[in-house]
Amino acid sequence: MTATPVPAMIELQGVAKSYGDVHALQRTDLSVAKGEFVTLLGPSGSGKSTLLNLIAGMTKPSSGRIVIDGRDATTLPTNQRGLGMVFQNYALMPHMTVFENIAFPLQVRRLPKAEIRLKVQQALDLIQLGHVADRRPRELSGGQQQRISLARCIVYNPALILMDEPLGALDKKLREQMQLEIKRLHAELGITMLYVTHDQDEALTMSDRIVLMNGGRIEQQGAPDALYFKPETVFSAEFIGSSNLIPGTIEIDADGAYALNTALGRFPAPAPATAMKAGDRAVLLVRPENMALTASGNATSIAGRLEDSILLGGVVRHFLRCTDGTTLIVQELNQPGRTGAHRGDEIHAAWLPAHARLLPPAPAG
Ligand code: ADP
């Protein structure tokens, strides 16, 4: 028996958006399942907000079709798309109390007074802010205001919520708390979430699936683990997590085993995910936490001089300068008995061949 596929909440079919010569979003297909938490991640200008605004109906596509919950929404106005939105600037009404702010969307929908009171109370309980119902927004902290704007969104029970950098204005600690809170709300309410951020940690923490954007198109998408452990491009590897990237030329021996011939040595590696032939230029990726400092070298290690070690709380980052000028990053857990290497030591960075990945070279420019 095959599993029933989860129906799509959002379906983008060949959607593109240009502003004159600027291709803010190239032709894009994207499907978001009901109940899924999908994050659009990417650097500034990569097209995340454009994609979100197209789904929200705040921008019209240059081409393509947008289907929301089974309905063609391509030309529907925002208020008929059945979605809620949360932005970075909380957009609360300053002259209204917290209660009135949350009640507002229900009053617009002309719900009976008693029902409004009940729903607002439930929304306030969900975000654990029942005690501030009578305050005005300016009497609340940034984190509280953002939770109120979340409550105002979930109070009318939309099937889909779009969020554009909602935590961008908060400090790190509060941001981390809110990430978990939004995740909890998602799990409790089962709402489909489409979330925009440029912060990789936020995307890794919250998402069922990350859609990584680059230059107005989808670079790669997948579960956080898959994006982290199986990046398909140099861009993906560099945007999510830290990377050691060593360029070279592909060699394939008689048994079909791959290796990369580089200025720092010849390194065996698992077969690449994308087709590569002998002589192709490629890049070897090894994550810093998959490298270790060792006194002597082996088949997959590179010698260098320890330039610096930086303590980052639970981990230590070592910077190793190699003979060709490359700097390698080696990350170790900071625990008693870790490598006692010192600045200036001649030492090796070693890894297991299975932990290396061959990627196509980054496109020029
Ligand atoms: P992101 O949200 O990833 O920062 P955007 O979607 O805002 O990126 O922008 C993608 C590209 O489209 C950028 O090059 C941006 O300058 C351009 N762009 C976005 N909105 C407009 C607009 N209204 N007019 C002209 N160019 C725009």
# chains A, B, ... in the order shown; residues from 1 in each chain; ligands from 1
call {"tool": "residues_around", "arguments": {"residues": "Arg135 of chain A", "least_positions_apart": "6", "cutoff": "10 Å", "atoms": "only C-alpha atoms", "output": "PyMOL selection string"}}
result
chain A and resi 96-100
call {"tool": "residues_near_ligand", "arguments": {"ligand": "ligand 1", "cutoff": "9 Å", "atoms": "only C-alpha atoms and all ligand atoms", "output": "JSON, numbers by chain"}}
result
{"A": [17, 18, 19, 20, 21, 22, 23, 24, 25, 40, 41, 42, 43, 44, 45, 46, 47, 48, 49, 50, 51, 52, 53, 59, 164, 196, 197, 198, 213, 214, 215, 216]}
call {"tool": "closest_residue", "arguments": {"among": "A:Gln144, A:Asn244, A:Ser62, A:Thr39", "to": "Leu284 of chain A", "atoms": "only C-alpha atoms"}}
result
A:Asn244
call {"tool": "select_by_dssp", "arguments": {"residues": "segment 189-231 of chain A", "states": "strand (DSSP E)", "output": "list in words"}}
result
Thr192, Met193, Leu194, Tyr195, Val196, Thr197, Arg209, Ile210, Val211, Leu212, Met213, Asn214, Arg217, Ile218, Glu219, Gln220, Gln221 and Gly222 of chain A
call {"tool": "residues_around", "arguments": {"residues": "segment 303-316 of chain A", "least_positions_apart": "6", "cutoff": "12 Å", "atoms": "only C-alpha atoms", "output": "PyMOL selection string"}}
result
chain A and resi 264-265+288-289+292-297+322-336+338-350
call {"tool": "select_by_dssp", "arguments": {"residues": "segment 216-273 of chain A", "states": "helix (DSSP H, G or I)", "output": "number ranges by chain"}}
result
A: 224-229, 234-239
call {"tool": "write_last_selection", "arguments": {"atoms": "N, CA, C and O atoms", "output": "tab-separated table (two decimals), in the first residue's frame"}}
result
chain	number	residue	atom	x	y	z
A	224	PRO	N	16.32	20.02	6.87
A	224	PRO	CA	17.54	20.68	7.38
A	224	PRO	C	18.76	19.76	7.38
A	224	PRO	O	19.84	20.15	6.93
A	225	ASP	N	18.57	18.54	7.83
A	225	ASP	CA	19.67	17.57	7.85
A	225	ASP	C	20.26	17.33	6.46
A	225	ASP	O	21.47	17.27	6.29
A	226	ALA	N	19.39	17.17	5.49
A	226	ALA	CA	19.83	16.88	4.13
A	226	ALA	C	20.61	18.06	3.57
A	226	ALA	O	21.65	17.88	2.93
A	227	LEU	N	20.12	19.28	3.84
A	227	LEU	CA	20.83	20.45	3.33
A	227	LEU	C	22.20	20.58	3.98
A	227	LEU	O	23.18	20.95	3.35
A	228	TYR	N	22.25	20.25	5.25
A	228	TYR	CA	23.51	20.39	5.98
A	228	TYR	C	24.51	19.31	5.56
A	228	TYR	O	25.68	19.60	5.29
A	229	PHE	N	24.03	18.06	5.50
A	229	PHE	CA	24.96	16.96	5.23
A	229	PHE	C	25.16	16.68	3.74
A	229	PHE	O	26.15	16.07	3.36
A	234	VAL	N	28.59	24.56	-4.03
A	234	VAL	CA	29.47	25.33	-3.14
A	234	VAL	C	28.65	26.39	-2.41
A	234	VAL	O	28.84	26.63	-1.22
A	235	PHE	N	27.69	27.00	-3.13
A	235	PHE	CA	26.85	28.01	-2.49
A	235	PHE	C	26.11	27.42	-1.29
A	235	PHE	O	26.11	28.00	-0.20
A	236	SER	N	25.48	26.26	-1.47
A	236	SER	CA	24.73	25.62	-0.37
A	236	SER	C	25.68	25.30	0.78
A	236	SER	O	25.36	25.52	1.95
A	237	ALA	N	26.85	24.76	0.45
A	237	ALA	CA	27.81	24.36	1.49
A	237	ALA	C	28.27	25.57	2.29
A	237	ALA	O	28.44	25.50	3.49
A	238	GLU	N	28.47	26.70	1.59
A	238	GLU	CA	28.97	27.89	2.28
A	238	GLU	C	27.87	28.61	3.03
A	238	GLU	O	28.13	29.24	4.05
A	239	PHE	N	26.62	28.53	2.53
A	239	PHE	CA	25.55	29.29	3.19
A	239	PHE	C	25.09	28.62	4.46
A	239	PHE	O	24.71	29.27	5.42
call {"tool": "residues_around", "arguments": {"residues": "Leu174 of chain A", "least_positions_apart": "6", "cutoff": "10 Å", "atoms": "only C-alpha atoms", "output": "VMD selection string"}}
result
chain A and resid 142 to 144 167
call {"tool": "residues_around", "arguments": {"residues": "Ala16 of chain A", "least_positions_apart": "5", "cutoff": "7 Å", "atoms": "only C-alpha atoms", "output": "NGL selection string"}}
result
:A and (25-28 or 61-64)
call {"tool": "write_last_selection", "arguments": {"atoms": "all heavy atoms", "output": "PDB file, in the first residue's frame"}}
result
ATOM      1  N   LEU A  25      12.474  37.087  -9.348  1.00  0.00           N
ATOM      2  CA  LEU A  25      12.239  35.637  -9.203  1.00  0.00           C
ATOM      3  C   LEU A  25      12.214  35.014 -10.593  1.00  0.00           C
ATOM      4  O   LEU A  25      11.417  35.404 -11.437  1.00  0.00           O
ATOM      5  CB  LEU A  25      10.901  35.389  -8.485  1.00  0.00           C
ATOM      6  CG  LEU A  25      10.645  33.918  -8.153  1.00  0.00           C
ATOM      7  CD1 LEU A  25      11.559  33.435  -7.032  1.00  0.00           C
ATOM      8  CD2 LEU A  25       9.190  33.688  -7.768  1.00  0.00           C
ATOM      9  N   GLN A  26      13.109  34.065 -10.824  1.00  0.00           N
ATOM     10  CA  GLN A  26      13.091  33.331 -12.092  1.00  0.00           C
ATOM     11  C   GLN A  26      11.989  32.283 -12.041  1.00  0.00           C
ATOM     12  O   GLN A  26      11.473  31.969 -10.971  1.00  0.00           O
ATOM     13  CB  GLN A  26      14.457  32.688 -12.315  1.00  0.00           C
ATOM     14  CG  GLN A  26      15.564  33.726 -12.410  1.00  0.00           C
ATOM     15  CD  GLN A  26      16.930  33.092 -12.627  1.00  0.00           C
ATOM     16  OE1 GLN A  26      17.044  32.047 -13.246  1.00  0.00           O
ATOM     17  NE2 GLN A  26      17.958  33.731 -12.110  1.00  0.00           N
ATOM     18  N   ARG A  27      11.621  31.728 -13.202  1.00  0.00           N
ATOM     19  CA  ARG A  27      10.549  30.714 -13.271  1.00  0.00           C
ATOM     20  C   ARG A  27      10.712  29.680 -12.168  1.00  0.00           C
ATOM     21  O   ARG A  27      11.711  28.960 -12.124  1.00  0.00           O
ATOM     22  CB  ARG A  27      10.683  29.996 -14.611  1.00  0.00           C
ATOM     23  CG  ARG A  27       9.499  30.100 -15.510  1.00  0.00           C
ATOM     24  CD  ARG A  27       9.734  29.241 -16.729  1.00  0.00           C
ATOM     25  NE  ARG A  27       8.990  27.989 -16.593  1.00  0.00           N
ATOM     26  CZ  ARG A  27       7.715  27.872 -16.893  1.00  0.00           C
ATOM     27  NH1 ARG A  27       7.041  28.905 -17.346  1.00  0.00           N
ATOM     28  NH2 ARG A  27       7.101  26.722 -16.742  1.00  0.00           N
ATOM     29  N   THR A  28       9.739  29.599 -11.276  1.00  0.00           N
ATOM     30  CA  THR A  28       9.863  28.737 -10.098  1.00  0.00           C
ATOM     31  C   THR A  28       8.652  27.830  -9.919  1.00  0.00           C
ATOM     32  O   THR A  28       7.516  28.282 -10.030  1.00  0.00           O
ATOM     33  CB  THR A  28      10.020  29.628  -8.828  1.00  0.00           C
ATOM     34  OG1 THR A  28      11.235  30.362  -8.950  1.00  0.00           O
ATOM     35  CG2 THR A  28      10.077  28.791  -7.560  1.00  0.00           C
ATOM     36  N   PRO A  61       2.400  38.195 -10.272  1.00  0.00           N
ATOM     37  CA  PRO A  61       3.485  37.529 -11.016  1.00  0.00           C
ATOM     38  C   PRO A  61       3.560  38.016 -12.464  1.00  0.00           C
ATOM     39  O   PRO A  61       2.538  38.411 -13.036  1.00  0.00           O
ATOM     40  CB  PRO A  61       3.086  36.049 -10.957  1.00  0.00           C
ATOM     41  CG  PRO A  61       1.626  36.029 -10.684  1.00  0.00           C
ATOM     42  CD  PRO A  61       1.299  37.287  -9.944  1.00  0.00           C
ATOM     43  N   SER A  62       4.760  38.000 -13.041  1.00  0.00           N
ATOM     44  CA  SER A  62       4.904  38.319 -14.463  1.00  0.00           C
ATOM     45  C   SER A  62       4.406  37.153 -15.289  1.00  0.00           C
ATOM     46  O   SER A  62       3.932  37.322 -16.403  1.00  0.00           O
ATOM     47  CB  SER A  62       6.374  38.591 -14.806  1.00  0.00           C
ATOM     48  OG  SER A  62       6.923  39.533 -13.928  1.00  0.00           O
ATOM     49  N   SER A  63       4.552  35.931 -14.736  1.00  0.00           N
ATOM     50  CA  SER A  63       4.005  34.753 -15.411  1.00  0.00           C
ATOM     51  C   SER A  63       3.804  33.652 -14.383  1.00  0.00           C
ATOM     52  O   SER A  63       4.323  33.731 -13.266  1.00  0.00           O
ATOM     53  CB  SER A  63       4.966  34.280 -16.508  1.00  0.00           C
ATOM     54  OG  SER A  63       6.175  33.876 -15.913  1.00  0.00           O
ATOM     55  N   GLY A  64       3.030  32.635 -14.765  1.00  0.00           N
ATOM     56  CA  GLY A  64       2.844  31.476 -13.897  1.00  0.00           C
ATOM     57  C   GLY A  64       1.519  31.495 -13.156  1.00  0.00           C
ATOM     58  O   GLY A  64       0.722  32.427 -13.289  1.00  0.00           O
TER      59      GLY A  64
END
call {"tool": "closest_residue", "arguments": {"among": "A:Arg152, A:Arg217, A:Arg266, A:Arg117", "to": "Gly14 of chain A", "atoms": "only C-alpha atoms"}}
result
A:Arg217
call {"tool": "closest_residue", "arguments": {"among": "A:Gln13, A:Asn79, A:Gln122, A:Gln220", "to": "Asp29 of chain A", "atoms": "only C-alpha atoms"}}
result
A:Gln13
call {"tool": "atom_distance", "arguments": {"atom1": "atom CA of Met9 of chain A", "atom2": "atom CA of Arg71 of chain A"}}
result
9.6 Å
call {"tool": "closest_residue", "arguments": {"among": "A:Arg209, A:Arg138, A:Lys173, A:Arg317", "to": "Leu30 of chain A", "atoms": "only C-alpha atoms"}}
result
A:Arg209
call {"tool": "closest_residue", "arguments": {"among": "A:Leu83, A:Ala269, A:Cys153, A:Ala356", "to": "Leu285 of chain A", "atoms": "only C-alpha atoms"}}
result
A:Ala356
